[in-house]
Amino acid sequence: MLTEAGEDAATVIRLENITKRFGAITAVKDISLNLKENEFFALLGPSGCGKTTLLRMIAGFESLNKGRILLDGKDIAPLRPNRRPINLMFQSFALFPHMSVRANVSYGLEMEGVRGEELKARVDRILETTQLTEYASRKPDQLSGGQRQRVALARALVKEPRVLLLDEPLAALDKKLREHMQLELKRLQHEVGITFVVVTHDQEEALVMADRIALMRDGEVKQCASPAELYEHPNSRFVADFIGVMNFLDGEVSVEGVAVQGLGVLTGRSNGDTRTGDRACLAVRPERLTVAPSSAERLTHDNVLDGTLTDIAYHGQDIGLHIAVGDAGQVLIARLSAAAEGAADFKVGDTVQVGWQTQNALILPDD
Ligand code: ATP
């Protein structure tokens, strides 16, 4: 269904060619994105790539040098931040320390003139959703980090915005709590059905939480896709490197694959972005490599290299085998389940064979 403005009905916010400059720095370069109804969207990328600036433009705290932001098909440029049905949750939570949880959550609604039964019902409902009912009369300093985070969320959600923007919402929490809150945030988003846009520099966090991720670099979106798509079909070396762990073998594109010095021609899937003679790399995930002792039967994979184990890293459930291959001693990392047959028998210094199928590697152009 299309609205008057020709929008896809599922689109809540449409960014059209937006650009933001700070003096000589272009923080956001000509970005176009559609944020959809009831979607958990992540803006991911290294420090300084423009994530926060993009978020602040949506919230209305930063002007645009170029482009438009449409909400439900209408340009929101004329709307001041507090008139936008969009809430921004700050990294620091910014709770009022002298006020109870209930008062913190009620505050924004009271400012809007909501009173009496309606106020109580809406606050009760959101306290329940964020599992804070039993802490309603506590002050922020009587809460754990995770509970404080939930109060900040409750305060933002109680106003029932169309979109909730969250800038590094889990950065202040320790690792264990952060992992717990990732799932909690995802559950909450699903329950309230509001579009969440989260800024993070942590790829694992984005993969766990988001329905879609826009991976940014130097003010540009390099790829925007689902976590699985980004992981399985990265469109560039930058994306392949940023998401998860990837092995890269540099070489030159030939008719059959990529010719890598000292290793011969290796094969992988091509996405059509490279031509014969181009500099490119062959990219393969550690879990896609098969490793066997040299003394075992020869592997039958499309690609098989001989190498030496230089390191073994234990990660609990699985182990990382570092394998030097070729004359230049390039190191490939293979990951296998610690429970796999023979996994415990590998020793540093062993000579091994490492193999992969063509379909499990990618040929990517040099960035
Ligand atoms: P981080 O993850 O470190 O917060 P980020 O991806 O959110 O980074 P931004 O904060 O959006 O990046 O900054 C993008 C670029 O714009 C950076 O080079 C930054 O130094 C610059 N920048 C941001 N805000 C301003 C400002 N108010 N004045 C000048 N330059 C700015």
# chains A, B, ... in the order shown; residues from 1 in each chain; ligands from 1

$ residues_near_ligand --ligand "ligand 1" --cutoff "8 Å" --atoms "only C-alpha atoms and all ligand atoms" --output "ChimeraX atom specification"
/A:21-23,25-28,44-54,199-201,216,218-219

$ write_last_selection --atoms "C-alpha atoms" --output "PDB file, in the first residue's frame"
ATOM      1  CA  ARG A  21      28.926  18.822   7.712  1.00  0.00           C
ATOM      2  CA  PHE A  22      30.811  20.209  10.697  1.00  0.00           C
ATOM      3  CA  GLY A  23      33.227  22.681   9.116  1.00  0.00           C
ATOM      4  CA  ILE A  25      34.281  17.317   8.275  1.00  0.00           C
ATOM      5  CA  THR A  26      31.400  15.615   6.507  1.00  0.00           C
ATOM      6  CA  ALA A  27      29.995  13.490   9.340  1.00  0.00           C
ATOM      7  CA  VAL A  28      27.096  12.063   7.278  1.00  0.00           C
ATOM      8  CA  LEU A  44      26.701   0.053  13.496  1.00  0.00           C
ATOM      9  CA  GLY A  45      30.223   1.195  12.740  1.00  0.00           C
ATOM     10  CA  PRO A  46      33.602   2.237  14.083  1.00  0.00           C
ATOM     11  CA  SER A  47      34.097   5.319  16.242  1.00  0.00           C
ATOM     12  CA  GLY A  48      33.544   8.581  14.364  1.00  0.00           C
ATOM     13  CA  CYS A  49      31.653   7.066  11.411  1.00  0.00           C
ATOM     14  CA  GLY A  50      28.637   9.327  11.996  1.00  0.00           C
ATOM     15  CA  LYS A  51      26.184   7.085  13.883  1.00  0.00           C
ATOM     16  CA  THR A  52      25.387   9.532  16.669  1.00  0.00           C
ATOM     17  CA  THR A  53      25.110  12.453  14.265  1.00  0.00           C
ATOM     18  CA  LEU A  54      22.568  10.508  12.199  1.00  0.00           C
ATOM     19  CA  VAL A 199      23.483   3.043  17.840  1.00  0.00           C
ATOM     20  CA  THR A 200      26.297   0.651  18.679  1.00  0.00           C
ATOM     21  CA  HIS A 201      29.918   0.039  17.744  1.00  0.00           C
ATOM     22  CA  MET A 216      28.602   2.689   8.384  1.00  0.00           C
ATOM     23  CA  ASP A 218      33.255   7.569   7.133  1.00  0.00           C
ATOM     24  CA  GLY A 219      29.718   8.946   7.087  1.00  0.00           C
TER      25      GLY A 219
END

$ atom_distance --atom1 "atom CA of A:Leu289" --atom2 "atom CA of A:Trp356"
5.3 Å

$ closest_residue --among "A:Arg148, A:Lys20, A:Lys347, A:Arg275" --to "A:Met181" --atoms "only C-alpha atoms"
A:Arg148

$ atom_distance --atom1 "atom CA of A:Arg155" --atom2 "atom CA of A:Phe196"
14.6 Å

$ select_by_dssp --residues "stretch 111-317 of chain A" --states "strand (DSSP E)" --output "ChimeraX atom specification"
/A:163-167,195-200,212-217,220-225,247-253,258-260,264-266,269-270,279-284,290-293,303-314

$ write_last_selection --atoms "C-alpha atoms" --output "PDB file, in the first residue's frame"
ATOM      1  CA  VAL A 163      10.217   5.647  17.189  1.00  0.00           C
ATOM      2  CA  LEU A 164      12.654   5.188  20.063  1.00  0.00           C
ATOM      3  CA  LEU A 165      16.258   6.161  19.406  1.00  0.00           C
ATOM      4  CA  LEU A 166      18.891   4.626  21.683  1.00  0.00           C
ATOM      5  CA  ASP A 167      22.500   5.824  21.678  1.00  0.00           C
ATOM      6  CA  THR A 195      10.452   0.975  16.016  1.00  0.00           C
ATOM      7  CA  PHE A 196      13.789   0.985  17.848  1.00  0.00           C
ATOM      8  CA  VAL A 197      16.911   2.524  16.322  1.00  0.00           C
ATOM      9  CA  VAL A 198      20.011   1.606  18.294  1.00  0.00           C
ATOM     10  CA  VAL A 199      23.483   3.043  17.840  1.00  0.00           C
ATOM     11  CA  THR A 200      26.297   0.651  18.679  1.00  0.00           C
ATOM     12  CA  ARG A 212      18.360  -5.009  10.181  1.00  0.00           C
ATOM     13  CA  ILE A 213      21.740  -3.344  10.465  1.00  0.00           C
ATOM     14  CA  ALA A 214      23.179  -0.368   8.582  1.00  0.00           C
ATOM     15  CA  LEU A 215      26.951  -0.725   8.725  1.00  0.00           C
ATOM     16  CA  MET A 216      28.602   2.689   8.384  1.00  0.00           C
ATOM     17  CA  ARG A 217      32.074   3.977   7.618  1.00  0.00           C
ATOM     18  CA  GLU A 220      28.394   6.428   4.556  1.00  0.00           C
ATOM     19  CA  VAL A 221      26.260   3.304   4.785  1.00  0.00           C
ATOM     20  CA  LYS A 222      28.379   0.501   3.334  1.00  0.00           C
ATOM     21  CA  GLN A 223      25.697  -2.180   3.582  1.00  0.00           C
ATOM     22  CA  CYS A 224      22.212  -2.350   5.068  1.00  0.00           C
ATOM     23  CA  ALA A 225      20.803  -5.843   5.576  1.00  0.00           C
ATOM     24  CA  ASN A 247      40.271 -14.981   6.955  1.00  0.00           C
ATOM     25  CA  PHE A 248      41.536 -13.032   3.950  1.00  0.00           C
ATOM     26  CA  LEU A 249      43.943 -14.242   1.279  1.00  0.00           C
ATOM     27  CA  ASP A 250      45.032 -11.446  -1.069  1.00  0.00           C
ATOM     28  CA  GLY A 251      45.655 -12.058  -4.740  1.00  0.00           C
ATOM     29  CA  GLU A 252      44.577 -11.381  -8.269  1.00  0.00           C
ATOM     30  CA  VAL A 253      41.332 -12.475  -9.880  1.00  0.00           C
ATOM     31  CA  VAL A 258      41.890 -15.847  -7.016  1.00  0.00           C
ATOM     32  CA  ALA A 259      45.580 -16.467  -7.701  1.00  0.00           C
ATOM     33  CA  VAL A 260      47.392 -16.102  -4.382  1.00  0.00           C
ATOM     34  CA  GLY A 264      48.049 -21.152  -6.374  1.00  0.00           C
ATOM     35  CA  VAL A 265      44.505 -20.482  -7.564  1.00  0.00           C
ATOM     36  CA  LEU A 266      41.873 -20.709  -4.824  1.00  0.00           C
ATOM     37  CA  ARG A 269      31.821 -17.459  -4.824  1.00  0.00           C
ATOM     38  CA  SER A 270      31.990 -14.234  -6.796  1.00  0.00           C
ATOM     39  CA  ARG A 279      43.273  -7.114  -7.026  1.00  0.00           C
ATOM     40  CA  ALA A 280      40.908  -8.971  -4.713  1.00  0.00           C
ATOM     41  CA  CYS A 281      40.807 -11.239  -1.714  1.00  0.00           C
ATOM     42  CA  LEU A 282      39.384 -14.601  -0.988  1.00  0.00           C
ATOM     43  CA  ALA A 283      37.432 -14.464   2.271  1.00  0.00           C
ATOM     44  CA  VAL A 284      36.494 -17.499   4.308  1.00  0.00           C
ATOM     45  CA  THR A 290      37.936 -28.207   7.737  1.00  0.00           C
ATOM     46  CA  VAL A 291      41.213 -29.261   9.350  1.00  0.00           C
ATOM     47  CA  ALA A 292      42.747 -32.727   9.381  1.00  0.00           C
ATOM     48  CA  PRO A 293      46.204 -34.064  10.283  1.00  0.00           C
ATOM     49  CA  ASN A 303      40.524 -26.235  -2.012  1.00  0.00           C
ATOM     50  CA  VAL A 304      43.089 -27.983   0.171  1.00  0.00           C
ATOM     51  CA  LEU A 305      46.225 -26.308   1.554  1.00  0.00           C
ATOM     52  CA  ASP A 306      49.042 -27.748   3.637  1.00  0.00           C
ATOM     53  CA  GLY A 307      50.134 -25.926   6.743  1.00  0.00           C
ATOM     54  CA  THR A 308      51.524 -25.995  10.242  1.00  0.00           C
ATOM     55  CA  LEU A 309      49.658 -25.361  13.484  1.00  0.00           C
ATOM     56  CA  THR A 310      51.192 -22.294  15.123  1.00  0.00           C
ATOM     57  CA  ASP A 311      48.688 -21.724  17.923  1.00  0.00           C
ATOM     58  CA  ILE A 312      45.655 -23.257  19.568  1.00  0.00           C
ATOM     59  CA  ALA A 313      43.170 -20.975  21.330  1.00  0.00           C
ATOM     60  CA  TYR A 314      40.577 -22.464  23.662  1.00  0.00           C
TER      61      TYR A 314
END

$ closest_residue --among "A:Asn235, A:Gln317, A:Thr276, A:Gln353" --to "A:Ser295" --atoms "only C-alpha atoms"
A:Gln353

$ closest_residue --among "A:Leu71, A:Arg187, A:Arg56, A:Phe41" --to "A:Glu16" --atoms "only C-alpha atoms"
A:Leu71

$ closest_residue --among "A:Leu362, A:Leu207, A:Val101, A:Leu263" --to "A:Gly244" --atoms "only C-alpha atoms"
A:Leu207

$ closest_residue --among "A:Leu336, A:Val354, A:Ala344, A:Met99" --to "A:Arg298" --atoms "only C-alpha atoms"
A:Val354

$ residues_around --residues "A:Pro78" --least-positions-apart "3" --cutoff "12 Å" --atoms "only C-alpha atoms" --output "list of chain:residue names"
A:Gly60, A:Ser63, A:Leu64, A:Arg68, A:Ile69, A:Leu70, A:Leu71, A:Lys74, A:Asp75, A:Pro81, A:Asn82, A:Arg83, A:Arg84

$ residues_around --residues "A:Asp367" --least-positions-apart "4" --cutoff "9 Å" --atoms "only C-alpha atoms" --output "NGL selection string"
:A and (236-238 or 280)

$ closest_residue --among "A:Gly342, A:Pro365, A:Gln149, A:Asp124" --to "A:Pro234" --atoms "only C-alpha atoms"
A:Pro365

$ atom_distance --atom1 "atom CA of A:Gln182" --atom2 "atom CA of A:Leu88"
17.8 Å

$ residues_around --residues "stretch 173-176 of chain A" --least-positions-apart "6" --cutoff "12 Å" --atoms "only C-alpha atoms" --output "compact mmCIF listing (two decimals) with C-alpha atoms, in the first residue's frame"
# COMPACT_ATOMS: atom_id res chain seq x y z
CA GLN A 91 23.65 6.75 27.16
CA SER A 92 23.84 8.14 30.70
CA PHE A 93 20.13 7.32 31.37
CA SER A 144 21.15 -2.11 39.94
CA GLY A 145 22.60 -0.93 36.62
CA GLY A 146 20.18 -3.12 34.67
CA GLN A 147 17.20 -1.81 36.64
CA ARG A 148 18.27 1.81 36.07
CA GLN A 149 18.48 1.03 32.39
CA ARG A 150 14.92 -0.30 32.47
CA GLN A 182 20.44 -7.35 24.71
CA LEU A 183 17.80 -10.07 24.83
CA ASP A 202 29.66 -3.56 18.96
CA GLU A 204 27.98 -8.79 18.29
CA GLU A 205 25.40 -6.63 20.01
